[in-house]
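**Student:** Next up is a structure, given as C-alpha coordinates.
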Amino acid sequence: MLKSNIEELIYNSGFKKQFIAEKLKISVKQLRNYETGKSLIPMDKAFILVRLLGDDLKVDDLYEWKE
(Lines give C-alpha, C1' and ligand atoms only; values in the text may rest on other atoms or scores of the structure.)
Protein backbone atom coordinates (compact mmCIF):
# COMPACT_ATOMS: atom_id res chain seq x y z
CA MET A 1 0.00 0.00 0.00
CA LEU A 2 1.24 3.49 -0.80
CA LYS A 3 1.30 6.17 1.88
CA SER A 4 1.28 9.76 0.66
CA ASN A 5 3.94 12.12 2.04
CA ILE A 6 2.57 15.06 0.08
CA GLU A 7 0.83 16.82 2.98
CA GLU A 8 3.97 16.72 5.14
CA LEU A 9 6.19 17.89 2.28
CA ILE A 10 3.90 20.84 1.52
CA TYR A 11 3.69 21.75 5.20
CA ASN A 12 7.49 21.67 5.53
CA SER A 13 7.90 23.82 2.41
CA GLY A 14 5.98 26.71 3.96
CA PHE A 15 3.86 27.17 0.84
CA LYS A 16 0.11 27.67 1.12
CA LYS A 17 -2.04 24.90 -0.34
CA GLN A 18 -3.81 27.45 -2.54
CA PHE A 19 -0.47 28.45 -4.10
CA ILE A 20 0.47 24.81 -4.78
CA ALA A 21 -2.97 24.07 -6.23
CA GLU A 22 -2.73 27.06 -8.58
CA LYS A 23 0.70 25.98 -9.81
CA LEU A 24 -0.61 22.45 -10.44
CA LYS A 25 -3.77 23.89 -12.08
CA ILE A 26 -6.04 21.92 -9.76
CA SER A 27 -8.44 22.73 -6.93
CA VAL A 28 -7.41 22.67 -3.28
CA LYS A 29 -9.91 19.83 -2.87
CA GLN A 30 -8.05 17.78 -5.49
CA LEU A 31 -4.74 18.56 -3.78
CA ARG A 32 -6.27 17.29 -0.55
CA ASN A 33 -7.17 14.04 -2.34
CA TYR A 34 -3.49 13.66 -3.28
CA GLU A 35 -2.42 14.39 0.29
CA THR A 36 -4.74 11.82 1.83
CA GLY A 37 -4.07 9.16 -0.78
CA LYS A 38 -7.65 9.18 -2.01
CA SER A 39 -6.24 9.92 -5.49
CA LEU A 40 -2.76 9.40 -6.90
CA ILE A 41 -1.09 12.45 -8.35
CA PRO A 42 -0.52 12.20 -12.13
CA MET A 43 3.14 12.01 -13.15
CA ASP A 44 3.22 15.39 -14.89
CA LYS A 45 1.86 17.09 -11.78
CA ALA A 46 4.18 15.06 -9.54
CA PHE A 47 7.21 16.46 -11.35
CA ILE A 48 5.87 20.01 -11.08
CA LEU A 49 5.17 19.53 -7.36
CA VAL A 50 8.65 18.18 -6.69
CA ARG A 51 10.24 21.14 -8.48
CA LEU A 52 8.14 23.54 -6.39
CA LEU A 53 8.97 21.87 -3.09
CA GLY A 54 12.73 21.68 -3.41
CA ASP A 55 15.79 20.73 -5.40
CA ASP A 56 16.66 17.87 -3.06
CA LEU A 57 13.34 16.04 -3.60
CA LYS A 58 12.52 13.30 -6.09
CA VAL A 59 9.15 12.05 -7.28
CA ASP A 60 9.82 8.91 -5.20
CA ASP A 61 9.67 11.08 -2.07
CA LEU A 62 5.97 11.83 -2.59
CA TYR A 63 4.96 8.32 -1.50
CA GLU A 64 6.32 5.45 0.55
CA TRP A 65 5.42 1.79 0.58
CA LYS A 66 3.64 0.55 3.69
CA GLU A 67 2.81 -3.13 4.21
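Chain lettering (A, B, ...) mirrors the order of the C-alpha coordinates, residue numbering begins at 1 for each chain separately, and ligand numbering begins at 1 in order of display.
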Write out as a VMD selection string the set of residues from chain A that DSSP, computed on the backbone, places in helix (DSSP H, G or I).
**Tutor:** chain A and resid 6 to 13 17 to 24 28 to 36 43 to 53 59 to 62
**Student:** Can I get the selected residues back with N, CA and C atoms, as a short mmCIF file (atom, residue, chain, number, x, y, z; two decimals), in the first residue's frame?
**Tutor:**
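Contents of selection_32.cif, freshly written:
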```cif
data_model
loop_
_atom_site.label_atom_id
_atom_site.label_comp_id
_atom_site.auth_asym_id
_atom_site.auth_seq_id
_atom_site.Cartn_x
_atom_site.Cartn_y
_atom_site.Cartn_z
N ILE A 6 2.76 13.75 0.70
CA ILE A 6 2.57 15.06 0.08
C ILE A 6 2.18 16.13 1.10
N GLU A 7 1.26 15.83 1.99
CA GLU A 7 0.83 16.82 2.98
C GLU A 7 2.01 17.30 3.83
N GLU A 8 2.81 16.37 4.31
CA GLU A 8 3.97 16.72 5.14
C GLU A 8 4.98 17.54 4.35
N LEU A 9 5.22 17.17 3.11
CA LEU A 9 6.19 17.89 2.28
C LEU A 9 5.73 19.32 2.00
N ILE A 10 4.43 19.49 1.74
CA ILE A 10 3.90 20.84 1.52
C ILE A 10 3.99 21.65 2.80
N TYR A 11 3.62 21.05 3.92
CA TYR A 11 3.69 21.75 5.20
C TYR A 11 5.13 22.22 5.47
N ASN A 12 6.09 21.33 5.26
CA ASN A 12 7.49 21.67 5.53
C ASN A 12 8.04 22.72 4.57
N SER A 13 7.43 22.84 3.40
CA SER A 13 7.90 23.82 2.41
C SER A 13 7.52 25.24 2.80
N LYS A 17 -1.43 25.90 0.54
CA LYS A 17 -2.04 24.90 -0.34
C LYS A 17 -2.66 25.55 -1.58
N GLN A 18 -3.21 26.74 -1.41
CA GLN A 18 -3.81 27.45 -2.54
C GLN A 18 -2.75 27.74 -3.60
N PHE A 19 -1.56 28.17 -3.18
CA PHE A 19 -0.47 28.45 -4.10
C PHE A 19 -0.07 27.19 -4.86
N ILE A 20 0.10 26.09 -4.15
CA ILE A 20 0.47 24.81 -4.78
C ILE A 20 -0.61 24.38 -5.78
N ALA A 21 -1.86 24.47 -5.36
CA ALA A 21 -2.97 24.07 -6.23
C ALA A 21 -2.98 24.90 -7.51
N GLU A 22 -2.76 26.20 -7.39
CA GLU A 22 -2.73 27.06 -8.58
C GLU A 22 -1.61 26.66 -9.52
N LYS A 23 -0.44 26.37 -8.97
CA LYS A 23 0.70 25.98 -9.81
C LYS A 23 0.44 24.64 -10.51
N LEU A 24 -0.29 23.75 -9.85
CA LEU A 24 -0.61 22.45 -10.44
C LEU A 24 -1.86 22.51 -11.32
N VAL A 28 -7.95 23.05 -4.59
CA VAL A 28 -7.41 22.67 -3.28
C VAL A 28 -8.01 21.33 -2.85
N LYS A 29 -9.26 21.11 -3.21
CA LYS A 29 -9.91 19.83 -2.87
C LYS A 29 -9.18 18.66 -3.54
N GLN A 30 -8.79 18.83 -4.81
CA GLN A 30 -8.05 17.78 -5.49
C GLN A 30 -6.68 17.59 -4.85
N LEU A 31 -6.03 18.67 -4.48
CA LEU A 31 -4.74 18.56 -3.78
C LEU A 31 -4.92 17.78 -2.49
N ARG A 32 -5.99 18.02 -1.79
CA ARG A 32 -6.27 17.29 -0.55
C ARG A 32 -6.43 15.79 -0.83
N ASN A 33 -7.05 15.45 -1.95
CA ASN A 33 -7.17 14.04 -2.34
C ASN A 33 -5.80 13.41 -2.55
N TYR A 34 -4.86 14.17 -3.11
CA TYR A 34 -3.49 13.66 -3.28
C TYR A 34 -2.82 13.49 -1.92
N GLU A 35 -3.04 14.45 -1.03
CA GLU A 35 -2.42 14.39 0.29
C GLU A 35 -2.91 13.20 1.11
N THR A 36 -4.17 12.90 1.01
CA THR A 36 -4.74 11.82 1.83
C THR A 36 -4.59 10.45 1.18
N MET A 43 1.68 11.83 -13.05
CA MET A 43 3.14 12.01 -13.15
C MET A 43 3.54 13.43 -13.54
N ASP A 44 2.83 14.04 -14.48
CA ASP A 44 3.22 15.39 -14.89
C ASP A 44 3.09 16.36 -13.72
N LYS A 45 2.05 16.21 -12.94
CA LYS A 45 1.86 17.09 -11.78
C LYS A 45 2.83 16.73 -10.65
N ALA A 46 3.20 15.48 -10.55
CA ALA A 46 4.18 15.06 -9.54
C ALA A 46 5.52 15.74 -9.78
N PHE A 47 5.94 15.80 -11.04
CA PHE A 47 7.21 16.46 -11.35
C PHE A 47 7.15 17.96 -11.07
N ILE A 48 6.03 18.59 -11.38
CA ILE A 48 5.87 20.01 -11.08
C ILE A 48 5.92 20.24 -9.57
N LEU A 49 5.21 19.40 -8.82
CA LEU A 49 5.17 19.53 -7.36
C LEU A 49 6.56 19.38 -6.76
N VAL A 50 7.31 18.40 -7.21
CA VAL A 50 8.65 18.18 -6.69
C VAL A 50 9.55 19.38 -6.97
N ARG A 51 9.44 19.95 -8.15
CA ARG A 51 10.24 21.14 -8.48
C ARG A 51 9.86 22.32 -7.59
N LEU A 52 8.58 22.45 -7.27
CA LEU A 52 8.14 23.54 -6.39
C LEU A 52 8.66 23.37 -4.97
N LEU A 53 8.67 22.13 -4.50
CA LEU A 53 8.97 21.87 -3.09
C LEU A 53 10.44 21.85 -2.76
N VAL A 59 10.54 12.50 -7.21
CA VAL A 59 9.15 12.05 -7.28
C VAL A 59 8.92 10.89 -6.31
N ASP A 60 9.93 10.04 -6.14
CA ASP A 60 9.82 8.91 -5.20
C ASP A 60 9.50 9.36 -3.78
N ASP A 61 9.88 10.59 -3.42
CA ASP A 61 9.67 11.08 -2.07
C ASP A 61 8.20 11.40 -1.77
N LEU A 62 7.37 11.49 -2.80
CA LEU A 62 5.97 11.83 -2.59
C LEU A 62 5.17 10.72 -1.92
#
```
**Student:** May I have the residues within 8 Å of A:Leu2 as a VMD selection string, using only C-alpha atoms and disregarding those fewer than 3 positions away in the same chain?
**Tutor:** chain A and resid 37 63 to 66
**Student:** How many Å lie between atom CA of A:Lys38 and atom CA of A:Asp56, rounded to one decimal?
**Tutor:**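 Straight-line distance from atom CA of A:Lys38 to atom CA of A:Asp56 works out to 25.8 Å.
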**Student:** Residues of chain A classed as strand (DSSP E or B) by DSSP on the backbone are to be reported as a short mmCIF file (atom, residue, chain, number, x, y, z; two decimals) with N, CA and C atoms, in the first residue's frame.
**Tutor:**
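Saved file part-v4.cif follows:
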```
data_model
loop_
_atom_site.label_atom_id
_atom_site.label_comp_id
_atom_site.auth_asym_id
_atom_site.auth_seq_id
_atom_site.Cartn_x
_atom_site.Cartn_y
_atom_site.Cartn_z
N LEU A 2 0.50 2.24 -0.76
CA LEU A 2 1.24 3.49 -0.80
C LEU A 2 0.72 4.46 0.26
N LYS A 3 1.65 5.12 0.93
CA LYS A 3 1.30 6.17 1.88
C LYS A 3 1.80 7.49 1.30
N SER A 4 0.92 8.46 1.21
CA SER A 4 1.28 9.76 0.66
C SER A 4 2.06 10.59 1.68
N TYR A 63 5.64 9.48 -2.07
CA TYR A 63 4.96 8.32 -1.50
C TYR A 63 5.97 7.37 -0.89
N GLU A 64 5.50 6.56 0.03
CA GLU A 64 6.32 5.45 0.55
C GLU A 64 5.46 4.21 0.62
N TRP A 65 6.11 3.08 0.56
CA TRP A 65 5.42 1.79 0.58
C TRP A 65 5.22 1.36 2.01
#
```
